[in-house]
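Have a look at final_32.txt below; it lists compact mmCIF, C-alpha atoms.
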# COMPACT_ATOMS: atom_id res chain seq x y z
CA MET A 1 138.55 90.25 114.09
CA ASN A 2 137.82 87.80 111.31
CA ILE A 3 134.43 88.69 109.78
CA ASP A 4 133.18 85.08 109.85
CA LEU A 5 134.00 84.83 113.55
CA LYS A 6 132.35 88.18 114.21
CA HIS A 7 129.16 87.06 112.46
CA LYS A 8 129.18 83.81 114.42
CA LEU A 9 129.53 85.67 117.74
CA PHE A 10 126.77 88.15 116.77
CA GLU A 11 124.53 85.24 115.78
CA GLN A 12 125.10 83.47 119.11
CA CYS A 13 124.33 86.69 121.03
CA LEU A 14 121.13 87.38 119.09
CA HIS A 15 119.92 83.77 119.38
CA ASP A 16 120.59 83.72 123.13
CA MET A 17 118.63 86.95 123.60
CA LYS A 18 115.81 85.58 121.44
CA ASP A 19 115.61 82.40 123.52
CA ILE A 20 115.28 84.43 126.72
CA LEU A 21 112.73 86.89 125.35
CA ASP A 22 110.68 84.10 123.74
CA LYS A 23 110.50 82.25 127.08
CA CYS A 24 109.15 85.46 128.65
CA ASN A 25 106.65 85.95 125.80
CA GLN A 26 108.28 89.31 125.13
CA HIS A 27 107.52 90.52 121.60
CA PHE A 28 110.55 92.17 120.00
CA PHE A 29 111.83 92.94 116.52
CA LEU A 30 115.03 93.63 114.63
CA CYS A 31 115.63 97.36 114.27
CA CYS A 32 118.19 100.01 113.33
CA GLY A 33 121.50 98.64 111.98
CA THR A 34 120.53 95.01 112.56
CA LEU A 35 117.41 95.45 110.43
CA LEU A 36 119.51 97.25 107.80
CA GLY A 37 121.96 94.36 107.61
CA GLN A 38 119.19 91.77 107.50
CA GLN A 39 117.37 93.58 104.68
CA ARG A 40 120.40 94.64 102.65
CA GLU A 41 122.77 91.68 103.08
CA ASN A 42 120.77 89.03 104.96
CA ASN A 43 123.61 89.23 107.46
CA PHE A 44 125.04 91.45 110.15
CA ILE A 45 126.83 94.50 108.80
CA ALA A 46 130.56 93.81 108.81
CA TYR A 47 131.49 97.09 110.50
CA ASP A 48 128.54 97.26 112.94
CA GLU A 49 129.56 97.37 116.58
CA ASP A 50 126.40 95.98 118.14
CA ILE A 51 123.01 94.35 117.66
CA ASP A 52 119.79 96.38 117.84
CA ILE A 53 116.37 95.09 118.81
CA GLY A 54 113.19 97.00 119.60
CA ILE A 55 110.13 96.60 121.77
CA ILE A 56 106.95 98.69 121.51
CA ASN A 57 106.45 100.47 124.84
CA THR A 58 102.96 99.07 125.46
CA LYS A 59 104.33 95.54 125.07
CA TYR A 60 107.43 96.03 127.23
CA ASN A 61 107.62 93.77 130.29
CA PRO A 62 110.04 95.34 132.80
CA ASN A 63 110.65 91.90 134.33
CA ILE A 64 112.68 90.86 131.27
CA LEU A 65 115.70 92.58 132.78
CA LEU A 66 115.71 90.02 135.60
CA TYR A 67 115.26 87.10 133.19
CA ILE A 68 118.08 88.34 130.98
CA LEU A 69 120.44 88.68 133.94
CA GLN A 70 119.39 85.34 135.47
CA SER A 71 120.42 83.61 132.24
CA LYS A 72 124.06 84.39 133.13
CA LYS A 73 124.64 85.03 129.42
CA PHE A 74 124.36 88.82 129.62
CA GLN A 75 125.52 91.65 131.85
CA VAL A 76 124.09 95.16 131.85
CA HIS A 77 126.39 97.49 129.96
CA SER A 78 124.29 100.64 130.46
CA ILE A 79 120.75 101.80 131.10
CA TYR A 80 119.64 105.19 129.81
CA GLY A 81 116.41 107.09 130.23
CA ASN A 82 113.26 105.83 131.84
CA VAL A 83 110.41 103.49 130.97
CA GLU A 84 107.91 106.34 130.58
CA ASN A 85 109.50 107.99 127.54
CA SER A 86 113.12 107.11 126.78
CA LEU A 87 114.38 103.68 127.83
CA GLU A 88 117.45 102.16 126.19
CA ILE A 89 119.16 99.14 127.76
CA SER A 90 122.51 97.83 126.54
CA PHE A 91 123.86 94.41 127.45
CA ARG A 92 127.19 92.68 126.95
CA HIS A 93 126.92 89.01 125.96
CA ILE A 94 129.36 86.37 127.27
CA THR A 95 131.01 86.49 123.84
CA GLY A 96 131.69 90.21 124.31
CA VAL A 97 129.06 91.30 121.76
CA LYS A 98 126.95 94.31 122.74
CA ILE A 99 123.18 94.23 122.18
CA ASP A 100 120.88 97.22 122.62
CA ILE A 101 117.18 97.07 123.43
CA PHE A 102 115.35 100.21 122.34
CA ILE A 103 111.85 100.92 123.56
CA PHE A 104 109.69 102.48 120.84
CA TYR A 105 107.28 105.19 121.97
CA PRO A 106 104.30 106.45 119.94
CA ILE A 107 104.39 109.99 118.65
CA LEU A 108 101.16 111.62 119.78
CA ASN A 109 98.54 112.33 117.13
CA GLU A 110 100.48 110.32 114.53
CA LYS A 111 99.38 106.90 113.29
CA ASP A 112 102.03 104.15 113.30
CA TYR A 113 104.78 106.66 114.08
CA TYR A 114 107.28 105.94 116.88
CA TYR A 115 110.51 107.28 118.29
CA ILE A 116 113.42 105.81 120.20
CA ALA A 117 115.73 107.75 122.49
CA THR A 118 119.52 107.93 122.38
CA PHE A 119 121.88 109.70 124.71
CA ASN A 120 125.30 111.36 124.93
CA GLY A 121 126.86 114.13 122.88
CA ILE A 122 124.37 116.67 121.57
CA CYS A 123 121.52 114.48 122.81
CA ASN A 124 122.25 115.50 126.39
CA THR A 125 121.62 119.15 125.42
CA LYS A 126 118.14 118.51 124.02
CA PRO A 127 115.20 119.90 126.07
CA GLU A 128 114.10 116.33 126.96
CA GLY A 129 117.69 115.26 127.70
CA PHE A 130 117.85 112.81 124.78
CA CYS A 131 117.60 112.63 120.99
CA LYS A 132 114.39 111.35 119.44
CA TRP A 133 114.67 109.25 116.28
CA ALA A 134 111.35 108.79 114.47
CA ARG A 135 110.12 106.17 112.02
CA HIS A 136 106.91 104.48 110.98
CA ILE A 137 106.12 100.94 112.09
CA ARG A 138 103.04 99.50 110.41
CA GLY A 139 102.77 96.16 112.16
CA PHE A 140 105.13 93.21 112.02
CA LYS A 141 105.93 90.15 109.96
CA GLU A 142 108.07 87.11 110.59
CA ILE A 143 111.21 86.40 108.61
CA THR A 144 113.93 83.78 108.88
CA PHE A 145 117.32 85.21 109.80
CA LYS A 146 120.32 83.10 110.74
CA GLY A 147 118.12 80.00 110.90
CA LYS A 148 115.55 81.39 113.37
CA ILE A 149 112.27 83.27 113.10
CA TYR A 150 112.41 86.99 113.93
CA ASN A 151 109.96 89.86 113.67
CA ILE A 152 110.63 92.91 111.55
CA PRO A 153 108.39 95.87 110.68
CA ASN A 154 105.92 95.13 107.86
CA ASN A 155 107.18 98.31 106.22
CA ALA A 156 110.91 97.58 106.57
CA GLU A 157 111.84 99.48 103.41
CA GLU A 158 109.94 102.62 104.47
CA TYR A 159 111.54 102.33 107.94
CA LEU A 160 115.02 102.11 106.40
CA ILE A 161 114.43 105.02 104.02
CA GLU A 162 113.25 107.18 106.91
CA THR A 163 116.33 106.24 108.92
CA TYR A 164 119.14 106.03 106.36
CA GLY A 165 117.79 107.81 103.28
CA SER A 166 116.66 106.58 99.87
CA ASP A 167 120.13 105.14 99.19
CA TRP A 168 119.94 102.77 102.19
CA LYS A 169 120.95 99.84 99.96
CA THR A 170 124.36 101.44 99.38
CA PRO A 171 126.75 100.52 102.22
CA LYS A 172 128.06 103.56 104.10
CA GLN A 173 130.14 103.18 107.23
CA PHE A 174 129.52 105.80 109.89
CA SER A 175 129.62 106.05 113.66
CA TYR A 176 126.95 107.06 116.16
CA TRP A 177 128.60 110.47 116.32
CA GLU A 178 128.34 110.83 112.54
CA ALA A 179 124.69 109.76 112.74
CA LEU A 180 124.14 112.63 115.18
CA ALA A 181 125.82 114.96 112.67
CA GLY A 182 123.31 114.06 109.94
CA GLU A 183 124.14 110.64 108.49
CA CYS A 184 120.83 109.34 109.86
CA LYS A 185 117.86 111.25 108.51
CA ASN A 186 115.22 110.79 111.21
CA MET A 187 116.20 112.87 114.23
CA MET A 188 113.07 114.78 115.21
CA ASN A 189 114.34 117.12 117.93
Please go through the file and, once you have read it, give me the structure as structure tokens.
Amino acid sequence: MNIDLKHKLFEQCLHDMKDILDKCNQHFFLCCGTLLGQQRENNFIAYDEDIDIGIINTKYNPNILLYILQSKKFQVHSIYGNVENSLEISFRHITGVKIDIFIFYPILNEKDYYYIATFNGICNTKPEGFCKWARHIRGFKEITFKGKIYNIPNNAEEYLIETYGSDWKTPKQFSYWEALAGECKNMMN
């Protein structure tokens, strides 16, 4: 697919999700590969396969699922885990773009330290039944991305170093399976 078209479709998907979540007063932020692309290139990563957004567990409104589906712009692709400790919801936008919502859970006895859960592969063999990926989030700030205001972690650089290593500014293409094998630096279990 032409990269300009891909970026346009990703932008439409992200903006549509933002419009829905904003109407529901659901706080969310750019995370994972989407945050990496925004910080490194002020764009989506050319080889990324989806969009990633996060919600802190204490701010998660479970009713957003209904609002997202009622919009008729998204269908559920998959739901993994549970709201108590491991929720990940993936949607498919009408353009075909996939967008993941990760719920961030606090790590007990650690200040500003959170994990998200992922599933499949070696993650299914973990004692909890999922992989835990940890990173610090020290509050949020607003930035303009693709012409709209989005939240990102105040400590975006620290977050990206914890996730991708100190060379996060150097583009490296790898899959989820390669992340499980060590390309991402923040698996905690």
Worksheet item: Hey, which of A:His7, A:Gly165, A:Ile99, A:Phe28 ends up closest to A:Phe140? Count all atoms listed in the file.
Response: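 Among the listed residues, the smallest separation from A:Phe140 belongs to A:Phe28.
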Discussion item. Using Å and a single decimal, report how far atom CA of A:Gln39 sits from atom CA of A:Glu157.
Written reply: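 It comes out at 8.2 Å.
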Worksheet entry | Residue neighbourhood A:Phe174, 12 Å, only C-alpha atoms, exclusion window fewer than 4 positions, as a ChimeraX atom specification | /A:33,45,47-49,164,178-184
Practice prompt. Check the smallest atom-to-atom distance from each of A:Arg40, A:His93, A:His77, A:Lys132 to A:Lys169 using all atoms listed in the file, then report the winner.
Written response: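 The answer is A:Arg40, which sits nearest to A:Lys169.
Distances from A:Asn82, A:Ser71, A:Thr34, A:Asn154 to A:Asp100 were compared using only C-alpha atoms, and the smallest one belongs to A:Thr34.
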Fill in: Atomic distance atom CA of A:Ile101 - atom CA of A:Lys8, expressed in Å with one decimal
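Rounded to one decimal, the two atoms are 20.0 Å apart.
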Fill in: Which residue of A:Pro106, A:Pro127, A:Gly96, A:Gly121 approaches A:Ile55 most closely, using all atoms listed in the file
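Ranking A:Pro106, A:Pro127, A:Gly96, A:Gly121 by distance to A:Ile55, first place goes to A:Pro106.
Pairwise distance (atom CA of A:Lys185, atom CA of A:Thr163) equals 5.3 Å.
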Worksheet item: For A:Ser90, which of A:Asn189, A:Thr118, A:Gln26, A:Gln70 is the closest residue, counting all atoms listed in the file?
Response: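 Checking each candidate against A:Ser90, we get A:Thr118 as the closest.
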Item to complete: Go through A:Leu30, A:Val97, A:Ile68, A:Ala117 one by one, measure the shortest atom-to-atom distance of each to A:Ala156 using all atoms listed in the file, and give the residue with the smallest value.
Response: A:Leu30
Worksheet item: Skipping near chain neighbours, those fewer than 6 positions away, what residues fall within 7 Å of A:Asn57 using all atoms listed in the file, listed as a list in words?
Response: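 After dropping sequence-adjacent residues, the list is Ile103, Phe104 and Tyr105 of chain A.
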Polymer residues at most 7 Å from (106.6, 105.1, 104.5) by only C-alpha atoms, as a PDB file with C-alpha atoms, in the frame of the given file:
ATOM      1  CA  HIS A 136     106.910 104.480 110.980  1.00  0.00           C
ATOM      2  CA  GLU A 158     109.940 102.620 104.470  1.00  0.00           C
ATOM      3  CA  TYR A 159     111.540 102.330 107.940  1.00  0.00           C
TER       4      TYR A 159
END
Restore all heavy atoms in stretch 61-72 of chain A and list the result as a PDB file, keeping the file's coordinate frame.
ATOM      1  N   ASN A  61     107.738  94.370 128.970  1.00  0.00           N
ATOM      2  CA  ASN A  61     107.620  93.770 130.290  1.00  0.00           C
ATOM      3  C   ASN A  61     108.897  94.094 131.063  1.00  0.00           C
ATOM      4  O   ASN A  61     109.955  93.551 130.748  1.00  0.00           O
ATOM      5  CB  ASN A  61     107.439  92.253 130.174  1.00  0.00           C
ATOM      6  CG  ASN A  61     107.437  91.549 131.513  1.00  0.00           C
ATOM      7  OD1 ASN A  61     107.645  92.153 132.559  1.00  0.00           O
ATOM      8  ND2 ASN A  61     107.203  90.248 131.475  1.00  0.00           N
ATOM      9  N   PRO A  62     108.818  94.962 132.081  1.00  0.00           N
ATOM     10  CA  PRO A  62     110.040  95.340 132.800  1.00  0.00           C
ATOM     11  C   PRO A  62     110.728  94.179 133.501  1.00  0.00           C
ATOM     12  O   PRO A  62     111.906  94.276 133.844  1.00  0.00           O
ATOM     13  CB  PRO A  62     109.560  96.387 133.807  1.00  0.00           C
ATOM     14  CG  PRO A  62     108.083  96.347 133.795  1.00  0.00           C
ATOM     15  CD  PRO A  62     107.637  95.644 132.564  1.00  0.00           C
ATOM     16  N   ASN A  63     110.039  93.068 133.686  1.00  0.00           N
ATOM     17  CA  ASN A  63     110.650  91.900 134.330  1.00  0.00           C
ATOM     18  C   ASN A  63     111.678  91.203 133.437  1.00  0.00           C
ATOM     19  O   ASN A  63     112.442  90.364 133.927  1.00  0.00           O
ATOM     20  CB  ASN A  63     109.583  90.897 134.759  1.00  0.00           C
ATOM     21  CG  ASN A  63     108.716  91.459 135.862  1.00  0.00           C
ATOM     22  OD1 ASN A  63     109.187  92.183 136.724  1.00  0.00           O
ATOM     23  ND2 ASN A  63     107.434  91.141 135.824  1.00  0.00           N
ATOM     24  N   ILE A  64     111.715  91.545 132.147  1.00  0.00           N
ATOM     25  CA  ILE A  64     112.680  90.860 131.270  1.00  0.00           C
ATOM     26  C   ILE A  64     114.106  91.137 131.698  1.00  0.00           C
ATOM     27  O   ILE A  64     114.977  90.298 131.497  1.00  0.00           O
ATOM     28  CB  ILE A  64     112.489  91.195 129.772  1.00  0.00           C
ATOM     29  CG1 ILE A  64     112.759  92.672 129.485  1.00  0.00           C
ATOM     30  CG2 ILE A  64     111.128  90.738 129.278  1.00  0.00           C
ATOM     31  CD1 ILE A  64     112.894  92.996 128.013  1.00  0.00           C
ATOM     32  N   LEU A  65     114.355  92.275 132.308  1.00  0.00           N
ATOM     33  CA  LEU A  65     115.700  92.580 132.780  1.00  0.00           C
ATOM     34  C   LEU A  65     116.198  91.498 133.732  1.00  0.00           C
ATOM     35  O   LEU A  65     117.322  91.011 133.601  1.00  0.00           O
ATOM     36  CB  LEU A  65     115.739  93.956 133.444  1.00  0.00           C
ATOM     37  CG  LEU A  65     117.092  94.440 133.954  1.00  0.00           C
ATOM     38  CD1 LEU A  65     118.131  94.493 132.856  1.00  0.00           C
ATOM     39  CD2 LEU A  65     116.952  95.799 134.617  1.00  0.00           C
ATOM     40  N   LEU A  66     115.337  91.080 134.654  1.00  0.00           N
ATOM     41  CA  LEU A  66     115.710  90.020 135.600  1.00  0.00           C
ATOM     42  C   LEU A  66     115.958  88.700 134.880  1.00  0.00           C
ATOM     43  O   LEU A  66     116.925  87.999 135.173  1.00  0.00           O
ATOM     44  CB  LEU A  66     114.612  89.827 136.644  1.00  0.00           C
ATOM     45  CG  LEU A  66     114.379  91.011 137.578  1.00  0.00           C
ATOM     46  CD1 LEU A  66     113.161  90.771 138.460  1.00  0.00           C
ATOM     47  CD2 LEU A  66     115.603  91.280 138.414  1.00  0.00           C
ATOM     48  N   TYR A  67     115.087  88.358 133.929  1.00  0.00           N
ATOM     49  CA  TYR A  67     115.260  87.100 133.190  1.00  0.00           C
ATOM     50  C   TYR A  67     116.554  87.099 132.383  1.00  0.00           C
ATOM     51  O   TYR A  67     117.255  86.089 132.323  1.00  0.00           O
ATOM     52  CB  TYR A  67     114.069  86.847 132.265  1.00  0.00           C
ATOM     53  CG  TYR A  67     112.768  86.635 132.985  1.00  0.00           C
ATOM     54  CD1 TYR A  67     111.687  87.481 132.756  1.00  0.00           C
ATOM     55  CD2 TYR A  67     112.594  85.597 133.900  1.00  0.00           C
ATOM     56  CE1 TYR A  67     110.475  87.293 133.415  1.00  0.00           C
ATOM     57  CE2 TYR A  67     111.397  85.402 134.563  1.00  0.00           C
ATOM     58  CZ  TYR A  67     110.343  86.262 134.319  1.00  0.00           C
ATOM     59  OH  TYR A  67     109.161  86.081 134.976  1.00  0.00           O
ATOM     60  N   ILE A  68     116.851  88.239 131.770  1.00  0.00           N
ATOM     61  CA  ILE A  68     118.080  88.340 130.980  1.00  0.00           C
ATOM     62  C   ILE A  68     119.296  88.138 131.881  1.00  0.00           C
ATOM     63  O   ILE A  68     120.212  87.381 131.552  1.00  0.00           O
ATOM     64  CB  ILE A  68     118.129  89.678 130.230  1.00  0.00           C
ATOM     65  CG1 ILE A  68     117.032  89.721 129.158  1.00  0.00           C
ATOM     66  CG2 ILE A  68     119.508  89.894 129.606  1.00  0.00           C
ATOM     67  CD1 ILE A  68     116.790  91.090 128.555  1.00  0.00           C
ATOM     68  N   LEU A  69     119.301  88.793 133.027  1.00  0.00           N
ATOM     69  CA  LEU A  69     120.440  88.680 133.940  1.00  0.00           C
ATOM     70  C   LEU A  69     120.529  87.291 134.572  1.00  0.00           C
ATOM     71  O   LEU A  69     121.631  86.764 134.765  1.00  0.00           O
ATOM     72  CB  LEU A  69     120.360  89.755 135.015  1.00  0.00           C
ATOM     73  CG  LEU A  69     120.489  91.195 134.500  1.00  0.00           C
ATOM     74  CD1 LEU A  69     120.312  92.189 135.632  1.00  0.00           C
ATOM     75  CD2 LEU A  69     121.814  91.403 133.781  1.00  0.00           C
ATOM     76  N   GLN A  70     119.391  86.676 134.875  1.00  0.00           N
ATOM     77  CA  GLN A  70     119.390  85.340 135.470  1.00  0.00           C
ATOM     78  C   GLN A  70     119.931  84.285 134.513  1.00  0.00           C
ATOM     79  O   GLN A  70     120.396  83.236 134.952  1.00  0.00           O
ATOM     80  CB  GLN A  70     117.973  84.947 135.916  1.00  0.00           C
ATOM     81  CG  GLN A  70     117.528  85.672 137.160  1.00  0.00           C
ATOM     82  CD  GLN A  70     116.060  85.418 137.501  1.00  0.00           C
ATOM     83  OE1 GLN A  70     115.308  84.837 136.716  1.00  0.00           O
ATOM     84  NE2 GLN A  70     115.647  85.875 138.672  1.00  0.00           N
ATOM     85  N   SER A  71     119.914  84.569 133.235  1.00  0.00           N
ATOM     86  CA  SER A  71     120.420  83.610 132.240  1.00  0.00           C
ATOM     87  C   SER A  71     121.928  83.411 132.373  1.00  0.00           C
ATOM     88  O   SER A  71     122.470  82.431 131.878  1.00  0.00           O
ATOM     89  CB  SER A  71     120.104  84.091 130.832  1.00  0.00           C
ATOM     90  OG  SER A  71     120.972  85.154 130.454  1.00  0.00           O
ATOM     91  N   LYS A  72     122.599  84.391 132.988  1.00  0.00           N
ATOM     92  CA  LYS A  72     124.060  84.390 133.130  1.00  0.00           C
ATOM     93  C   LYS A  72     124.784  84.530 131.786  1.00  0.00           C
ATOM     94  O   LYS A  72     125.985  84.353 131.700  1.00  0.00           O
ATOM     95  CB  LYS A  72     124.574  83.132 133.854  1.00  0.00           C
ATOM     96  CG  LYS A  72     123.929  82.877 135.188  1.00  0.00           C
ATOM     97  CD  LYS A  72     124.412  83.852 136.221  1.00  0.00           C
ATOM     98  CE  LYS A  72     123.881  83.448 137.594  1.00  0.00           C
ATOM     99  NZ  LYS A  72     123.789  84.536 138.495  1.00  0.00           N
TER     100      LYS A  72
END
